[in-house]
Amino acid sequence: MSNEAGSPELAAEVELLSAERLTFFSDAVVAIAMTLLALELPVPVGETSGQVLNSINANFDEYLAFLIRFAVIAAHWRGHHRTFRYVKSVNHIVRWNILWLLWIVVTPFATRVLTQDGAFQFRFMFYASVQALAGLSFLLMLYGIAHYRLLKAGTPPGMIRGTVIGLSAMTAMFLISIPIALVTHWAYLCWVAIPPASKVVERIADRYFPQAGIAAVS
């Protein structure tokens, strides 16, 4: 019985179950964080349809900001989901996953800070810092997955590479927006530019860093 308990097959199964439990837990935390964003949305008021529409228009910026911040958390989750479908063990990366979840959980609070009046620079920089720290935590997690070879056999080549490219672009744009916010409110454009920035980073990576290099590690 002791030999069976210590068999490589059982150990691999236990590691896989641990990875699945961490994935389910992370999914639940992200879902709660995304739901909390909606709780801060202003409810339209008015006694007539026209007044309600006017109320919606008056709060349009907050509704638009909600969509952007929802998309940011969704992008974080998409990278996590894309990666953890192929993770066979969570040894050495649990601490980075927990740290990443910390910043995801803080995001609804950072959103409330951002949407208050006054002190634009502080509020903007606080939110951008939270998102940049979430991105950096995830990048550390991806490094651990690649370094310790925690992916299942048959994982698509370059899977880690694609996630790193998108996440690096998003993290970089949040970091770049912080000093820009000191001089202009147009720093929000850095966040809007995240999708095209990902394409630019991907092209640079294709030119100077062959895909085979990262695929071999993963």
# chains A, B, ... in the order shown; residues from 1 in each chain; ligands from 1

$ residues_around --residues "Val113 in chain A" --least-positions-apart "3" --cutoff "10 Å" --atoms "only C-alpha atoms" --output "list in words"
Thr107, Pro108, Phe109, Ala110, Gln116, Asp117, Ala119, Phe120, Phe122, Arg123, Phe124, Phe126 and Tyr127 of chain A

$ closest_atom_pairs --of "range 90-150 of chain A" --to "range 17-26 of chain A" --cutoff "12 Å" --atoms "only C-alpha atoms" --output "Markdown table"
| residue | atom | partner | partner_atom | distance |
| --- | --- | --- | --- | --- |
| A:Val90 | CA | A:Ala19 | CA | 5.4 |
| A:Asn91 | CA | A:Ala19 | CA | 8.9 |
| A:His92 | CA | A:Ala19 | CA | 11.7 |
| A:Ile93 | CA | A:Ala19 | CA | 10.2 |
| A:Val94 | CA | A:Leu22 | CA | 8.1 |
| A:Arg95 | CA | A:Leu22 | CA | 11.2 |
| A:Trp96 | CA | A:Leu22 | CA | 11.7 |
| A:Asn97 | CA | A:Ser26 | CA | 8.1 |
| A:Ile98 | CA | A:Ser26 | CA | 8.5 |
| A:Leu99 | CA | A:Ser26 | CA | 11.2 |
| A:Trp100 | CA | A:Ser26 | CA | 9.4 |
| A:Leu101 | CA | A:Ser26 | CA | 7.0 |
| A:Leu102 | CA | A:Ser26 | CA | 10.5 |
| A:Ile104 | CA | A:Ser26 | CA | 9.8 |
| A:Val105 | CA | A:Ser26 | CA | 10.5 |
| A:Ile145 | CA | A:Ala19 | CA | 11.7 |
| A:Leu150 | CA | A:Ala19 | CA | 10.0 |

$ select_by_dssp --residues "range 4-205 of chain A" --states "alpha helix (DSSP H)" --output "MDAnalysis selection string"
chainID A and resid 4:5 8:39 49:58 60:84 94:114 120:147 159:180 188:192 194:205

$ residues_around --residues "Thr83 in chain A" --least-positions-apart "2" --cutoff "8 Å" --atoms "only C-alpha atoms" --output "mmCIF file with C-alpha atoms, in the first residue's frame"
data_model
loop_
_atom_site.group_PDB
_atom_site.id
_atom_site.type_symbol
_atom_site.label_atom_id
_atom_site.label_comp_id
_atom_site.auth_asym_id
_atom_site.auth_seq_id
_atom_site.Cartn_x
_atom_site.Cartn_y
_atom_site.Cartn_z
ATOM 1 C CA GLY A 79 -4.687 34.674 -19.913
ATOM 2 C CA HIS A 80 -5.110 32.585 -16.753
ATOM 3 C CA HIS A 81 -7.711 30.349 -18.399
ATOM 4 C CA ARG A 85 -5.835 24.441 -19.276
ATOM 5 C CA TYR A 86 -2.389 22.954 -19.842
ATOM 6 C CA VAL A 87 -0.849 23.151 -16.362
ATOM 7 C CA MET A 159 1.274 28.926 -25.846
ATOM 8 C CA ILE A 160 3.284 30.538 -23.045
ATOM 9 C CA THR A 163 0.261 34.831 -23.227
#

$ closest_residue --among "A:Leu10, A:Ile56, A:Val201, A:Ala169" --to "Leu139 in chain A" --atoms "only C-alpha atoms"
A:Ala169

$ residues_around --residues "Gly135 in chain A" --least-positions-apart "3" --cutoff "6 Å" --atoms "only C-alpha atoms" --output "list in words"
Ala132, Phe138 and Thr171 of chain A

$ atom_distance --atom1 "CA of Thr184 in chain A" --atom2 "CA of Ile204 in chain A"
28.6 Å

$ atom_distance --atom1 "CA of Leu37 in chain A" --atom2 "CA of Ala181 in chain A"
22.8 Å

$ atom_distance --atom1 "CA of Leu136 in chain A" --atom2 "CA of Arg161 in chain A"
15.1 Å
